[in-house]
Amino acid sequence: MSDTEAGEGGNRKVKRFMIVNRKAPYGTIYALEALEVVLIGAAFDQDVSLVFADDGVYQLKKGQQTKGIGQKNFSPSYRALGDYDIEKLYVERESLQARGLAPADLLVPVRVLGSAELSVLMDEQDVVLSF
Amino acid sequence: MTAAVALKDKEVAVDEEGYLVNLADWNEDVARTMAADDNIALTGNHWEVINFLREYYAEYQVAPAIRVLTKAIGKKLGPEKGNSKYLYELFPYGPAKQACRYAGLPKPTGCI
């Protein structure tokens with residue numbers, strides 16, 4: 001499937017999807033569900049980017065221990081995103097700083113952007129899904 | 001209602017698509033039995049892929065989609081194995097889906 005293929009059967013254009021993660025990784029299902037959507041989107045060759053803002057930045061925090069809460073630690077999955085050709089990971093600078101975190105505390109390389117820059121990027125998307 | 005795979009000495013529960021319910025139930029016998037039920041005798045080449053998938057899952061907690069599997073196998077075992085023709089010959093029901101099932105992993109995310 002090429003980027004611009006638009007057969008008689010319908011419009012096959014690649015859409016730009018942005019998944020916005022705003023919640024802490026555990027306690028709700030949002031983070032895990034967002035990850036599923038990301039992997040499915042990639043399997044359909046869509047242009048997928050991820051934003052981590054507010055408590056969502058904790059999803060990328062190194063050293064997650066989930067034994068005590070009896071949940072699967074799915075954070076290693078973020079390191080597989082590269083295999084799915086998902087390389088656009090953005091973290092909101094203000095959220096990171098407010099939580100005393102730095103890029104070195106995160107599991108994967110990210111681009112740190114201010115909220116103003118992020119809103120420009122968001123405006124360029126076809127679809128924005130907030131989790 | 002759950003289905004099961006019958007081993008020599010016990011049964012292990014699988015879901016309606018044949019994937020293990022409890023990933024911890026896996027052992028090599030499970031893989032051999034699932035394959036035998038599909039009339040496949042596992043060879044060294046099958047095990048190479050199954051073991052690769054188990055390592056991948058242990059590392060990333062993700063059952064890789066076919067495209068990812070093909071690419072990753074190519075990186076690890078060479079281009080003559082990292083292509084869909086080779087993998088489909090080994091796992092005719094779809095390399096990612098079928099091999100993940102034998103490997104005791106969940107169904108790959110993004111597989112339809």
# chains A, B, ... in the order shown; residues from 1 in each chain; ligands from 1
>>> closest_atom_pairs(of="chain B", to="chain A", cutoff="10 Å", atoms="only C-alpha atoms", output="JSON lines")
{"residue": "B:Tyr56", "atom": "CA", "partner": "A:Ala80", "partner_atom": "CA", "distance": 9.2}
{"residue": "B:Tyr57", "atom": "CA", "partner": "A:Ser77", "partner_atom": "CA", "distance": 9.0}
{"residue": "B:Ala58", "atom": "CA", "partner": "A:Pro76", "partner_atom": "CA", "distance": 9.1}
{"residue": "B:Glu59", "atom": "CA", "partner": "A:Pro76", "partner_atom": "CA", "distance": 6.9}
{"residue": "B:Tyr60", "atom": "CA", "partner": "A:Ser77", "partner_atom": "CA", "distance": 4.7}
{"residue": "B:Gln61", "atom": "CA", "partner": "A:Ser77", "partner_atom": "CA", "distance": 5.5}
{"residue": "B:Val62", "atom": "CA", "partner": "A:Ser77", "partner_atom": "CA", "distance": 5.9}
{"residue": "B:Ala63", "atom": "CA", "partner": "A:Ser77", "partner_atom": "CA", "distance": 9.6}
{"residue": "B:Pro64", "atom": "CA", "partner": "A:Tyr84", "partner_atom": "CA", "distance": 8.7}
{"residue": "B:Ala65", "atom": "CA", "partner": "A:Ala43", "partner_atom": "CA", "distance": 7.1}
{"residue": "B:Ile66", "atom": "CA", "partner": "A:Ala43", "partner_atom": "CA", "distance": 8.7}
{"residue": "B:Arg67", "atom": "CA", "partner": "A:Ala43", "partner_atom": "CA", "distance": 7.8}
{"residue": "B:Val68", "atom": "CA", "partner": "A:Asp83", "partner_atom": "CA", "distance": 5.9}
{"residue": "B:Leu69", "atom": "CA", "partner": "A:Asp83", "partner_atom": "CA", "distance": 8.8}
{"residue": "B:Lys71", "atom": "CA", "partner": "A:Asp83", "partner_atom": "CA", "distance": 8.1}
{"residue": "B:Ala72", "atom": "CA", "partner": "A:Asp83", "partner_atom": "CA", "distance": 7.7}
{"residue": "B:Pro108", "atom": "CA", "partner": "A:Leu39", "partner_atom": "CA", "distance": 9.7}
{"residue": "B:Thr109", "atom": "CA", "partner": "A:Ile40", "partner_atom": "CA", "distance": 6.3}
{"residue": "B:Gly110", "atom": "CA", "partner": "A:Ile40", "partner_atom": "CA", "distance": 4.2}
{"residue": "B:Cys111", "atom": "CA", "partner": "A:Ala43", "partner_atom": "CA", "distance": 7.7}
{"residue": "B:Ile112", "atom": "CA", "partner": "A:Ile40", "partner_atom": "CA", "distance": 9.5}
>>> residues_around(residues="Glu48 of chain B", least_positions_apart="4", cutoff="10 Å", atoms="only C-alpha atoms", output="count of residues only")
6
>>> residues_around(residues="Ala24 of chain A", least_positions_apart="6", cutoff="12 Å", atoms="only C-alpha atoms", output="NGL selection string")
:A and (30-32 or 34 or 52-61 or 64 or 75 or 131)
>>> write_last_selection(atoms="C-alpha atoms", output="PDB file, in the first residue's frame")
ATOM      1  CA  TYR A  30      -6.230   4.180  29.199  1.00  0.00           C
ATOM      2  CA  ALA A  31      -2.466   3.880  28.789  1.00  0.00           C
ATOM      3  CA  LEU A  32      -2.605   0.223  27.770  1.00  0.00           C
ATOM      4  CA  ALA A  34      -3.691   3.752  23.806  1.00  0.00           C
ATOM      5  CA  PHE A  52       2.888  12.287  26.566  1.00  0.00           C
ATOM      6  CA  ALA A  53       1.543  15.088  28.714  1.00  0.00           C
ATOM      7  CA  ASP A  54       0.288  15.623  32.269  1.00  0.00           C
ATOM      8  CA  ASP A  55       0.572  12.339  34.250  1.00  0.00           C
ATOM      9  CA  GLY A  56       1.007  10.572  30.906  1.00  0.00           C
ATOM     10  CA  VAL A  57       4.725  11.282  31.148  1.00  0.00           C
ATOM     11  CA  TYR A  58       4.885   8.623  33.887  1.00  0.00           C
ATOM     12  CA  GLN A  59       4.078   5.991  31.236  1.00  0.00           C
ATOM     13  CA  LEU A  60       7.612   6.365  29.927  1.00  0.00           C
ATOM     14  CA  LYS A  61       9.324   6.413  33.311  1.00  0.00           C
ATOM     15  CA  GLN A  64       8.398   0.626  36.749  1.00  0.00           C
ATOM     16  CA  SER A  75       6.381  -0.329  29.864  1.00  0.00           C
ATOM     17  CA  PHE A 131      -6.438   8.919  26.317  1.00  0.00           C
TER      18      PHE A 131
END
>>> residues_around(residues="segment 107-114 of chain A", least_positions_apart="5", cutoff="6 Å", atoms="only C-alpha atoms", output="PyMOL selection string")
chain A and resi 60+62+89-93
>>> select_by_dssp(residues="chain B", states="strand (DSSP E or B)", output="list in words")
Ala3, Ala4, Val5, Ala6, Glu11, Val12, Ala13, Val14 and Leu20 of chain B
>>> write_last_selection(atoms="N, CA and C atoms", output="PDB file, in the first residue's frame")
ATOM      1  N   ALA B   3     -11.635 -23.739  25.781  1.00  0.00           N
ATOM      2  CA  ALA B   3     -11.129 -24.946  25.145  1.00  0.00           C
ATOM      3  C   ALA B   3      -9.836 -25.342  25.850  1.00  0.00           C
ATOM      4  N   ALA B   4      -9.269 -26.438  25.415  1.00  0.00           N
ATOM      5  CA  ALA B   4      -8.040 -26.893  26.061  1.00  0.00           C
ATOM      6  C   ALA B   4      -7.183 -27.651  25.065  1.00  0.00           C
ATOM      7  N   VAL B   5      -5.889 -27.655  25.339  1.00  0.00           N
ATOM      8  CA  VAL B   5      -4.962 -28.493  24.586  1.00  0.00           C
ATOM      9  C   VAL B   5      -4.601 -29.660  25.495  1.00  0.00           C
ATOM     10  N   ALA B   6      -4.780 -30.867  24.997  1.00  0.00           N
ATOM     11  CA  ALA B   6      -4.529 -32.040  25.821  1.00  0.00           C
ATOM     12  C   ALA B   6      -3.077 -32.484  25.695  1.00  0.00           C
ATOM     13  N   GLU B  11      -4.244 -31.025  30.887  1.00  0.00           N
ATOM     14  CA  GLU B  11      -4.787 -30.155  29.853  1.00  0.00           C
ATOM     15  C   GLU B  11      -4.456 -28.713  30.188  1.00  0.00           C
ATOM     16  N   VAL B  12      -4.172 -27.902  29.162  1.00  0.00           N
ATOM     17  CA  VAL B  12      -3.975 -26.482  29.412  1.00  0.00           C
ATOM     18  C   VAL B  12      -5.059 -25.702  28.661  1.00  0.00           C
ATOM     19  N   ALA B  13      -5.569 -24.674  29.344  1.00  0.00           N
ATOM     20  CA  ALA B  13      -6.695 -23.911  28.796  1.00  0.00           C
ATOM     21  C   ALA B  13      -6.233 -22.958  27.694  1.00  0.00           C
ATOM     22  N   VAL B  14      -7.023 -22.906  26.631  1.00  0.00           N
ATOM     23  CA  VAL B  14      -6.759 -21.942  25.549  1.00  0.00           C
ATOM     24  C   VAL B  14      -8.053 -21.186  25.255  1.00  0.00           C
ATOM     25  N   LEU B  20      -2.994 -19.624  24.469  1.00  0.00           N
ATOM     26  CA  LEU B  20      -2.981 -19.973  25.886  1.00  0.00           C
ATOM     27  C   LEU B  20      -3.675 -18.902  26.720  1.00  0.00           C
TER      28      LEU B  20
END
>>> closest_residue(among="B:Glu80, B:Tyr93, B:Cys100, B:Lys75", to="Ile40 of chain B", atoms="only C-alpha atoms")
B:Tyr93
